[in-house]
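Structure file final27.txt (compact mmCIF, C-alpha atoms and all ligand atoms) is printed below.
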```txt
# COMPACT_ATOMS: atom_id res chain seq x y z
CA MET F 361 109.57 132.97 137.63
CA ASN F 362 107.77 131.42 140.59
CA THR F 363 110.10 130.86 143.60
CA ILE F 364 109.09 127.22 144.04
CA MET F 365 109.87 126.53 140.40
CA LYS F 366 113.22 128.31 140.66
CA GLU F 367 114.16 126.18 143.63
CA MET F 368 113.00 122.98 141.85
CA ILE F 369 115.27 123.93 138.95
CA ASP F 370 118.24 124.54 141.28
CA ILE F 371 117.68 121.17 142.97
CA ALA F 372 117.32 119.28 139.67
CA LYS F 373 120.45 120.93 138.26
CA GLU F 374 122.51 120.21 141.37
CA ALA F 375 121.36 116.58 141.33
CA GLY F 376 122.01 116.30 137.59
CA ILE F 377 125.54 117.65 137.85
CA ARG F 378 126.22 115.11 140.60
CA ILE F 379 125.13 112.15 138.47
CA LYS F 380 127.11 113.44 135.52
CA ASN F 381 130.34 113.85 137.48
CA ASP F 382 130.18 111.09 140.06
CA ARG F 383 130.39 107.54 138.76
CA ASP F 384 131.31 106.01 142.07
CA PHE F 385 128.35 103.68 142.69
CA SER F 386 127.39 100.04 143.01
CA VAL F 387 124.54 98.28 141.25
CA SER F 388 122.01 95.84 142.65
CA GLU F 389 118.95 94.07 141.27
CA LYS F 390 115.56 95.21 142.58
CA THR F 391 113.53 92.25 141.33
CA ASP F 392 115.62 90.73 138.53
CA ALA F 393 118.43 91.57 136.09
CA ALA F 394 116.11 93.87 134.07
CA ASN F 395 115.30 96.02 137.07
CA ILE F 396 118.44 97.48 138.57
CA VAL F 397 119.14 100.29 141.01
CA THR F 398 122.42 102.03 141.82
CA THR F 399 123.52 103.48 145.13
CA MET F 400 123.47 106.83 143.29
CA ASP F 401 119.67 106.59 142.73
CA THR F 402 119.14 106.41 146.49
CA GLN F 403 121.69 109.11 147.32
CA ILE F 404 120.21 111.51 144.78
CA GLN F 405 116.66 110.80 145.98
CA ASN F 406 117.69 111.53 149.59
CA PHE F 407 119.33 114.77 148.48
CA ILE F 408 116.25 115.88 146.47
CA LEU F 409 113.70 114.94 149.12
CA GLY F 410 115.73 116.71 151.84
CA ARG F 411 115.66 119.94 149.83
CA LEU F 412 111.99 119.64 148.77
CA GLU F 413 110.89 119.08 152.35
CA GLN F 414 112.36 122.45 153.36
CA LEU F 415 110.63 124.10 150.42
CA LEU F 416 107.06 122.94 151.11
CA PRO F 417 106.89 121.04 154.41
CA GLU F 418 103.17 120.28 154.07
CA ALA F 419 103.52 118.48 150.72
CA LYS F 420 103.21 114.70 150.44
CA VAL F 421 105.81 112.75 148.48
CA ILE F 422 105.88 109.96 145.93
CA ALA F 423 109.39 108.91 144.93
CA GLU F 424 110.69 105.84 143.13
CA GLU F 425 113.21 104.41 145.56
CA ASP F 426 112.41 102.78 148.92
CA ASN F 427 108.61 102.83 148.43
CA VAL F 428 108.07 106.49 149.33
CA HIS F 429 104.36 106.87 148.60
CA SER F 430 102.06 109.28 150.36
CA PHE F 431 99.35 111.00 148.38
CA ASP F 432 96.43 113.35 148.92
CA ASN F 433 94.56 116.10 147.08
CA GLY F 434 96.87 118.92 148.18
CA TYR F 435 100.50 119.44 147.16
CA VAL F 436 102.37 116.27 146.22
CA TRP F 437 105.99 116.00 145.03
CA ILE F 438 106.64 113.25 142.52
CA VAL F 439 110.31 112.45 142.07
CA ASP F 440 112.33 110.18 139.82
CA PRO F 441 115.88 110.74 141.09
CA ILE F 442 117.45 109.18 137.98
CA ASP F 443 115.24 108.33 135.03
CA GLY F 444 117.28 106.07 132.81
CA THR F 445 119.08 104.16 135.56
CA THR F 446 120.22 101.42 133.19
CA ASN F 447 121.63 104.07 130.82
CA TYR F 448 123.39 105.63 133.82
CA ALA F 449 124.85 102.30 134.98
CA TYR F 450 126.15 101.65 131.45
CA ASP F 451 127.45 105.24 131.04
CA CYS F 452 125.20 105.87 128.01
CA LYS F 453 124.81 109.55 128.99
CA HIS F 454 121.05 109.68 128.43
CA SER F 455 119.37 110.05 131.82
CA CYS F 456 117.70 112.85 133.71
CA ILE F 457 116.29 114.11 136.99
CA SER F 458 112.49 114.53 137.12
CA ILE F 459 110.60 116.54 139.74
CA ALA F 460 106.87 117.32 139.58
CA LEU F 461 104.61 119.22 141.93
CA LEU F 462 100.94 118.31 141.80
CA ASN F 463 98.11 120.33 143.26
CA GLU F 464 94.55 119.02 143.53
CA ASN F 465 95.50 115.87 141.67
CA ASP F 466 96.76 117.76 138.65
CA GLY F 467 100.21 118.75 137.36
CA TYR F 468 101.19 122.21 138.63
CA ILE F 469 104.96 122.43 137.96
CA GLY F 470 107.23 120.00 136.11
CA VAL F 471 111.03 120.18 135.92
CA VAL F 472 113.30 117.76 134.04
CA TYR F 473 117.07 118.18 133.75
CA ASN F 474 119.40 116.27 131.43
CA PRO F 475 122.91 117.11 132.66
CA TYR F 476 124.67 115.49 129.68
CA LEU F 477 123.27 118.05 127.23
CA ASP F 478 122.65 120.72 129.86
CA GLU F 479 118.99 120.71 128.84
CA LEU F 480 116.34 121.93 131.25
CA PHE F 481 112.69 121.28 130.39
CA TYR F 482 110.09 122.94 132.59
CA ALA F 483 106.43 123.92 132.68
CA LYS F 484 103.94 125.56 134.99
CA LYS F 485 100.23 124.93 134.54
CA GLY F 486 98.73 127.47 132.14
CA GLU F 487 102.05 129.17 131.39
CA GLY F 488 103.54 127.03 128.61
CA SER F 489 106.60 124.82 128.62
CA PHE F 490 110.21 125.66 127.90
CA LEU F 491 113.59 124.16 127.04
CA ASN F 492 116.43 126.32 128.36
CA GLY F 493 114.07 129.32 128.23
CA LYS F 494 112.73 128.68 124.74
CA PRO F 495 108.95 127.98 124.39
CA LEU F 496 108.05 124.47 123.25
CA ASN F 497 105.51 123.19 120.75
CA VAL F 498 104.71 119.65 119.72
CA THR F 499 104.69 118.84 116.00
CA ASP F 500 101.49 118.54 113.95
CA CYS F 501 102.33 115.37 112.02
CA SER F 502 99.73 112.82 111.06
CA MET F 503 100.27 109.22 112.20
CA ASN F 504 101.87 108.02 108.98
CA GLU F 505 104.43 110.84 109.19
CA SER F 506 105.12 110.26 112.90
CA LEU F 507 108.51 109.28 114.28
CA VAL F 508 107.52 107.27 117.34
CA ILE F 509 109.59 106.91 120.49
CA MET F 510 108.55 103.92 122.57
CA GLY F 511 109.50 102.21 125.78
CA THR F 512 109.64 98.45 126.22
CA ALA F 513 108.11 98.42 129.75
CA PRO F 514 111.25 96.52 130.84
CA TYR F 515 109.93 95.72 134.32
CA ARG F 516 106.72 94.21 132.87
CA LYS F 517 107.97 91.37 130.71
CA ASP F 518 104.49 89.88 131.07
CA LYS F 519 103.46 92.67 128.66
CA ALA F 520 106.13 91.78 126.07
CA ASP F 521 103.71 90.23 123.53
CA TYR F 522 101.49 93.31 123.65
CA THR F 523 104.46 95.74 123.58
CA PHE F 524 106.11 94.18 120.56
CA GLU F 525 102.84 93.67 118.67
CA ILE F 526 102.21 97.41 119.09
CA ALA F 527 105.85 98.19 118.17
CA LYS F 528 105.26 96.43 114.84
CA ARG F 529 102.03 98.33 114.23
CA LEU F 530 103.68 101.67 115.03
CA PHE F 531 106.63 100.80 112.81
CA VAL F 532 104.38 99.80 109.91
CA ASN F 533 101.93 102.71 110.30
CA GLY F 534 104.38 105.47 111.21
CA ARG F 535 107.70 106.79 109.88
CA ASP F 536 109.90 104.65 112.17
CA ILE F 537 110.33 103.79 115.84
CA ARG F 538 113.03 104.59 118.43
CA ARG F 539 113.90 103.33 121.98
CA SER F 540 116.08 105.48 124.29
CA GLY F 541 115.96 104.08 127.86
CA SER F 542 114.53 107.22 129.50
CA ALA F 543 110.75 107.59 129.37
CA VAL F 544 110.95 111.06 130.91
CA LEU F 545 113.26 112.32 128.16
CA ASP F 546 111.15 110.51 125.54
CA LEU F 547 108.10 112.50 126.63
CA CYS F 548 110.08 115.77 126.81
CA TYR F 549 111.38 115.09 123.30
CA VAL F 550 107.77 114.80 122.08
CA ALA F 551 107.10 118.15 123.78
CA CYS F 552 109.91 119.82 121.82
CA GLY F 553 109.21 118.14 118.49
CA ARG F 554 112.19 115.77 118.34
CA TYR F 555 109.64 112.95 118.12
CA ASP F 556 105.99 113.05 117.09
CA ALA F 557 104.50 110.34 119.31
CA PHE F 558 105.19 108.13 122.34
CA PHE F 559 103.99 104.72 123.53
CA GLU F 560 104.81 102.58 126.56
CA ALA F 561 102.66 99.77 127.95
CA ASP F 562 103.41 100.56 131.60
CA LEU F 563 104.70 103.74 133.20
CA ALA F 564 104.98 104.57 136.88
CA VAL F 565 103.82 107.98 138.12
CA TRP F 566 107.41 109.26 138.52
CA ASP F 567 108.13 108.39 134.86
CA ARG F 568 105.43 110.76 133.61
CA ALA F 569 104.23 113.35 136.17
CA ALA F 570 106.63 116.18 135.22
CA ALA F 571 106.90 115.32 131.52
CA ALA F 572 103.12 114.99 131.01
CA LEU F 573 102.67 118.60 132.10
CA ILE F 574 105.56 119.64 129.84
CA ILE F 575 103.84 117.93 126.87
CA SER F 576 100.38 119.32 127.54
CA GLU F 577 101.75 122.84 128.06
CA ALA F 578 103.51 122.42 124.69
CA GLY F 579 100.11 121.80 123.06
CA GLY F 580 100.44 118.02 123.06
CA ILE F 581 98.09 115.30 124.25
CA VAL F 582 99.05 112.65 126.76
CA GLU F 583 96.63 109.91 127.77
CA ALA F 584 96.27 106.59 129.51
CA ILE F 585 95.83 103.57 127.26
CA GLU F 586 92.29 102.31 127.74
CA PRO F 587 90.83 100.74 129.85
CA ASP F 588 93.06 102.64 132.31
CA VAL F 589 92.38 106.26 133.18
CA TRP F 590 95.03 108.88 133.86
CA ASN F 591 95.96 108.95 137.55
CA TYR F 592 98.90 109.70 139.85
CA GLU F 593 98.58 106.73 142.15
CA ARG F 594 99.50 103.70 140.08
CA SER F 595 101.17 102.61 136.85
CA ILE F 596 99.31 102.86 133.55
CA GLY F 597 100.04 102.45 129.84
CA VAL F 598 100.65 105.82 128.17
CA ILE F 599 100.47 107.37 124.72
CA ALA F 600 101.35 110.92 123.71
CA GLY F 601 101.12 112.88 120.50
CA ASN F 602 99.37 115.82 118.90
CA LYS F 603 95.86 116.70 117.76
CA ASN F 604 96.49 115.21 114.29
CA ASN F 605 97.95 111.81 115.23
CA ILE F 606 96.40 110.97 118.62
CA LYS F 607 93.21 109.37 117.27
CA ASP F 608 95.10 106.97 115.01
CA LEU F 609 97.70 106.32 117.73
CA LYS F 610 94.93 105.43 120.16
CA ALA F 611 93.43 103.00 117.65
CA LEU F 612 96.84 101.41 116.96
CA VAL F 613 97.57 100.66 120.63
CA LYS F 614 94.23 98.87 121.23
CA PRO F 615 95.07 95.39 122.53
C1 LIG I 701 112.61 103.50 133.23
C2 LIG I 701 113.02 104.22 131.98
C3 LIG I 701 112.73 103.38 130.76
C4 LIG I 701 111.29 102.96 130.69
C5 LIG I 701 110.85 102.29 131.98
C6 LIG I 701 111.14 103.19 133.17
P1 LIG I 701 114.08 104.08 135.41
O1 LIG I 701 112.84 104.31 134.37
O2 LIG I 701 112.32 105.43 131.87
O3 LIG I 701 112.99 104.09 129.55
O4 LIG I 701 111.13 102.06 129.64
O5 LIG I 701 109.47 102.02 131.91
O6 LIG I 701 110.75 102.54 134.33
O7 LIG I 701 113.85 102.76 136.05
O8 LIG I 701 115.31 104.15 134.60
O9 LIG I 701 113.89 105.22 136.33
CA CA I 702 111.92 106.22 135.63
CA CA I 703 114.47 105.99 138.31
```
Could I get this structure in the form of structure tokens?
Amino acid sequence: MNTIMKEMIDIAKEAGIRIKNDRDFSVSEKTDAANIVTTMDTQIQNFILGRLEQLLPEAKVIAEEDNVHSFDNGYVWIVDPIDGTTNYAYDCKHSCISIALLNENDGYIGVVYNPYLDELFYAKKGEGSFLNGKPLNVTDCSMNESLVIMGTAPYRKDKADYTFEIAKRLFVNGRDIRRSGSAVLDLCYVACGRYDAFFEADLAVWDRAAAALIISEAGGIVEAIEPDVWNYERSIGVIAGNKNNIKDLKALVKP
């Protein structure tokens, strides 16, 4: 295994074990009651960025907390220190650490660690994706057989009408829908076949950089919802699925 990837895995695991074992934190609102942050998010981000900086000093960094955002066409780290912060604050035990390395504006390595189940998802461009060492494949379900995991875009309540109109369509035209509170794990669960499709009206780059590579290396398809195009510099709506359901999914999420 590539040394950078090994180190990313060590960092994600160390960070994950910390969030699992340490519940000594305070909570504050970022913008409103729907958008909270804990002191642990910031501590974990500082820990991760400190270690990543030693690993590849020339790389730029995009990370969720404290507006860390510097991007170019070379190496870029994209970090979500805790994906599923609200789950973490409520002790729901469904959160993860997400670290991606981009190169030339494309996913190169993605590492996601869920400490509660000791599950490590990872992928390197062109080399497949894995869960605890086992190769991953998306399912091949058609849309009507698809179990859809969706996010509510909780920090974009202006998109609520659209989100819940699409939720109804996905519910009616698929097997059923689910909502977990961690977009990163939702996407990883599509990669390993626990769900067949994903939808969220607005996802930041740190919610999807690592997991998008993990899905595509598992044979899945992950795309921006039109009229957006896939990019690593701003939020976009996202769908994910497989070659048999993506066309119908795309049609269903049309505003
Ligand atoms: C959020 C979670 C949630 C998703 C939001 C994300 P955070 O990330 O992934 O499931 O619906 O869009 O922002 O704030 O917990 O890191
Ligand atoms: Ca997140
Ligand atoms: Ca987060």
Name the residues in contact with F:Ile596 at a cut-off of 7 Å, using only C-alpha atoms, excluding same-chain residues fewer than 4 positions from it; report them as a PDB file with C-alpha atoms, keeping the file's coordinate frame.
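Just written: result.pdb:
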```
ATOM      1  CA  ASP F 562     103.410 100.560 131.600  1.00  0.00           C
ATOM      2  CA  LEU F 563     104.700 103.740 133.200  1.00  0.00           C
ATOM      3  CA  ALA F 564     104.980 104.570 136.880  1.00  0.00           C
ATOM      4  CA  ALA F 584      96.270 106.590 129.510  1.00  0.00           C
ATOM      5  CA  ASP F 588      93.060 102.640 132.310  1.00  0.00           C
TER       6      ASP F 588
END
```
Problem - Expected selection as JSON, numbers by chain for ligand LIG 701 (chain I) within 8 Å, only C-alpha atoms and all ligand atoms - result: {"F": [395, 396, 397, 424, 440, 441, 442, 443, 444, 445, 446, 447, 455, 510, 511, 512, 513, 514, 515, 539, 540, 541, 542, 543, 544, 545, 546, 560, 562, 563, 564, 566, 567]}
Problem - For atom CA of F:Ser386 and atom CA of F:Thr398, the interatomic separation in Å (one decimal) - result: 5.5 Å
Practice task
Please provide the set of residues having any atom within 7 Å of F:Cys501, restricted to all atoms listed in the file, with same-chain residues fewer than 3 positions apart removed, written as a PyMOL selection string.
Solution key: chain F and resi 505-506+556+604-605
Practice task
Select, from F:Ala372, F:Ala570, F:Val498, F:Val589, the residue with the minimum atom-to-atom distance to F:Gly467, counting only C-alpha atoms.
Solution key: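 Ranking F:Ala372, F:Ala570, F:Val498, F:Val589 by distance to F:Gly467, first place goes to F:Ala570.
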Problem - Surrounding residues of F:Phe531 excluding itself and chain neighbours under 3 positions, 12 Å, all atoms listed in the file, as a PyMOL selection string - result: chain F and resi 503-510+524-528+534-539+557+559+609+612-613
Practice task
Show me as an MDAnalysis selection string the residues that reach within 9 Å of (114.3, 123.8, 142.9), counting only C-alpha atoms and using the file's own coordinates.
Solution key: chainID F and resid 363:373 408 411:412 415 459 471
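A straight line drawn from atom CA of F:Val550 to atom CA of F:Glu425 is 26.2 Å long.
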Final all heavy atoms of stretch 433-444 of chain F as a PDB file, in the frame of the given file:
```pdb
ATOM      1  N   ASN F 433      95.022 115.158 148.099  1.00  0.00           N
ATOM      2  CA  ASN F 433      94.560 116.100 147.080  1.00  0.00           C
ATOM      3  C   ASN F 433      95.272 117.448 147.104  1.00  0.00           C
ATOM      4  O   ASN F 433      95.018 118.285 146.263  1.00  0.00           O
ATOM      5  CB  ASN F 433      93.058 116.318 147.220  1.00  0.00           C
ATOM      6  CG  ASN F 433      92.317 115.445 146.230  1.00  0.00           C
ATOM      7  OD1 ASN F 433      92.907 114.992 145.248  1.00  0.00           O
ATOM      8  ND2 ASN F 433      91.047 115.211 146.501  1.00  0.00           N
ATOM      9  N   GLY F 434      96.153 117.655 148.097  1.00  0.00           N
ATOM     10  CA  GLY F 434      96.870 118.920 148.180  1.00  0.00           C
ATOM     11  C   GLY F 434      98.145 118.864 147.339  1.00  0.00           C
ATOM     12  O   GLY F 434      98.173 118.272 146.257  1.00  0.00           O
ATOM     13  N   TYR F 435      99.226 119.460 147.880  1.00  0.00           N
ATOM     14  CA  TYR F 435     100.500 119.440 147.160  1.00  0.00           C
ATOM     15  C   TYR F 435     101.164 118.074 147.306  1.00  0.00           C
ATOM     16  O   TYR F 435     101.261 117.535 148.415  1.00  0.00           O
ATOM     17  CB  TYR F 435     101.440 120.508 147.703  1.00  0.00           C
ATOM     18  CG  TYR F 435     101.046 121.909 147.302  1.00  0.00           C
ATOM     19  CD1 TYR F 435     100.691 122.858 148.261  1.00  0.00           C
ATOM     20  CD2 TYR F 435     101.027 122.274 145.957  1.00  0.00           C
ATOM     21  CE1 TYR F 435     100.325 124.144 147.884  1.00  0.00           C
ATOM     22  CE2 TYR F 435     100.662 123.559 145.575  1.00  0.00           C
ATOM     23  CZ  TYR F 435     100.313 124.486 146.538  1.00  0.00           C
ATOM     24  OH  TYR F 435      99.956 125.741 146.164  1.00  0.00           O
ATOM     25  N   VAL F 436     101.647 117.545 146.199  1.00  0.00           N
ATOM     26  CA  VAL F 436     102.370 116.270 146.220  1.00  0.00           C
ATOM     27  C   VAL F 436     103.605 116.398 145.305  1.00  0.00           C
ATOM     28  O   VAL F 436     103.470 116.795 144.137  1.00  0.00           O
ATOM     29  CB  VAL F 436     101.499 115.090 145.688  1.00  0.00           C
ATOM     30  CG1 VAL F 436     102.276 113.770 145.776  1.00  0.00           C
ATOM     31  CG2 VAL F 436     100.187 114.977 146.445  1.00  0.00           C
ATOM     32  N   TRP F 437     104.782 116.089 145.854  1.00  0.00           N
ATOM     33  CA  TRP F 437     105.990 116.000 145.030  1.00  0.00           C
ATOM     34  C   TRP F 437     106.058 114.619 144.408  1.00  0.00           C
ATOM     35  O   TRP F 437     105.810 113.629 145.112  1.00  0.00           O
ATOM     36  CB  TRP F 437     107.251 116.167 145.882  1.00  0.00           C
ATOM     37  CG  TRP F 437     107.440 117.485 146.549  1.00  0.00           C
ATOM     38  CD1 TRP F 437     107.439 117.732 147.887  1.00  0.00           C
ATOM     39  CD2 TRP F 437     107.707 118.749 145.920  1.00  0.00           C
ATOM     40  NE1 TRP F 437     107.674 119.063 148.137  1.00  0.00           N
ATOM     41  CE2 TRP F 437     107.843 119.712 146.936  1.00  0.00           C
ATOM     42  CE3 TRP F 437     107.841 119.155 144.584  1.00  0.00           C
ATOM     43  CZ2 TRP F 437     108.110 121.054 146.660  1.00  0.00           C
ATOM     44  CZ3 TRP F 437     108.098 120.484 144.316  1.00  0.00           C
ATOM     45  CH2 TRP F 437     108.230 121.416 145.353  1.00  0.00           C
ATOM     46  N   ILE F 438     106.405 114.558 143.140  1.00  0.00           N
ATOM     47  CA  ILE F 438     106.640 113.250 142.520  1.00  0.00           C
ATOM     48  C   ILE F 438     108.045 113.269 141.914  1.00  0.00           C
ATOM     49  O   ILE F 438     108.344 114.102 141.049  1.00  0.00           O
ATOM     50  CB  ILE F 438     105.587 112.923 141.449  1.00  0.00           C
ATOM     51  CG1 ILE F 438     104.187 112.965 142.081  1.00  0.00           C
ATOM     52  CG2 ILE F 438     105.868 111.558 140.837  1.00  0.00           C
ATOM     53  CD1 ILE F 438     103.074 112.428 141.214  1.00  0.00           C
ATOM     54  N   VAL F 439     108.891 112.364 142.395  1.00  0.00           N
ATOM     55  CA  VAL F 439     110.310 112.450 142.070  1.00  0.00           C
ATOM     56  C   VAL F 439     110.840 111.141 141.470  1.00  0.00           C
ATOM     57  O   VAL F 439     110.646 110.064 142.033  1.00  0.00           O
ATOM     58  CB  VAL F 439     111.112 112.749 143.374  1.00  0.00           C
ATOM     59  CG1 VAL F 439     112.617 112.717 143.106  1.00  0.00           C
ATOM     60  CG2 VAL F 439     110.696 114.104 143.947  1.00  0.00           C
ATOM     61  N   ASP F 440     111.495 111.274 140.325  1.00  0.00           N
ATOM     62  CA  ASP F 440     112.330 110.180 139.820  1.00  0.00           C
ATOM     63  C   ASP F 440     113.768 110.695 139.909  1.00  0.00           C
ATOM     64  O   ASP F 440     114.168 111.578 139.143  1.00  0.00           O
ATOM     65  CB  ASP F 440     111.952 109.821 138.376  1.00  0.00           C
ATOM     66  CG  ASP F 440     112.558 108.484 137.964  1.00  0.00           C
ATOM     67  OD1 ASP F 440     113.550 108.061 138.593  1.00  0.00           O
ATOM     68  OD2 ASP F 440     112.041 107.874 137.003  1.00  0.00           O
ATOM     69  N   PRO F 441     114.551 110.176 140.868  1.00  0.00           N
ATOM     70  CA  PRO F 441     115.880 110.740 141.090  1.00  0.00           C
ATOM     71  C   PRO F 441     116.803 110.571 139.882  1.00  0.00           C
ATOM     72  O   PRO F 441     117.551 111.476 139.541  1.00  0.00           O
ATOM     73  CB  PRO F 441     116.414 109.961 142.297  1.00  0.00           C
ATOM     74  CG  PRO F 441     115.605 108.702 142.359  1.00  0.00           C
ATOM     75  CD  PRO F 441     114.260 109.056 141.790  1.00  0.00           C
ATOM     76  N   ILE F 442     116.746 109.379 139.264  1.00  0.00           N
ATOM     77  CA  ILE F 442     117.450 109.180 137.980  1.00  0.00           C
ATOM     78  C   ILE F 442     116.472 108.433 137.073  1.00  0.00           C
ATOM     79  O   ILE F 442     116.101 107.295 137.361  1.00  0.00           O
ATOM     80  CB  ILE F 442     118.734 108.321 138.114  1.00  0.00           C
ATOM     81  CG1 ILE F 442     119.715 108.949 139.113  1.00  0.00           C
ATOM     82  CG2 ILE F 442     119.394 108.131 136.749  1.00  0.00           C
ATOM     83  CD1 ILE F 442     121.003 108.141 139.319  1.00  0.00           C
ATOM     84  N   ASP F 443     116.011 109.074 136.022  1.00  0.00           N
ATOM     85  CA  ASP F 443     115.240 108.330 135.030  1.00  0.00           C
ATOM     86  C   ASP F 443     116.223 107.916 133.942  1.00  0.00           C
ATOM     87  O   ASP F 443     116.924 108.757 133.372  1.00  0.00           O
ATOM     88  CB  ASP F 443     114.103 109.165 134.420  1.00  0.00           C
ATOM     89  CG  ASP F 443     113.323 108.314 133.429  1.00  0.00           C
ATOM     90  OD1 ASP F 443     112.714 107.322 133.861  1.00  0.00           O
ATOM     91  OD2 ASP F 443     113.381 108.608 132.217  1.00  0.00           O
ATOM     92  N   GLY F 444     116.258 106.603 133.696  1.00  0.00           N
ATOM     93  CA  GLY F 444     117.280 106.070 132.810  1.00  0.00           C
ATOM     94  C   GLY F 444     118.415 105.510 133.651  1.00  0.00           C
ATOM     95  O   GLY F 444     119.586 105.739 133.368  1.00  0.00           O
TER      96      GLY F 444
END
```
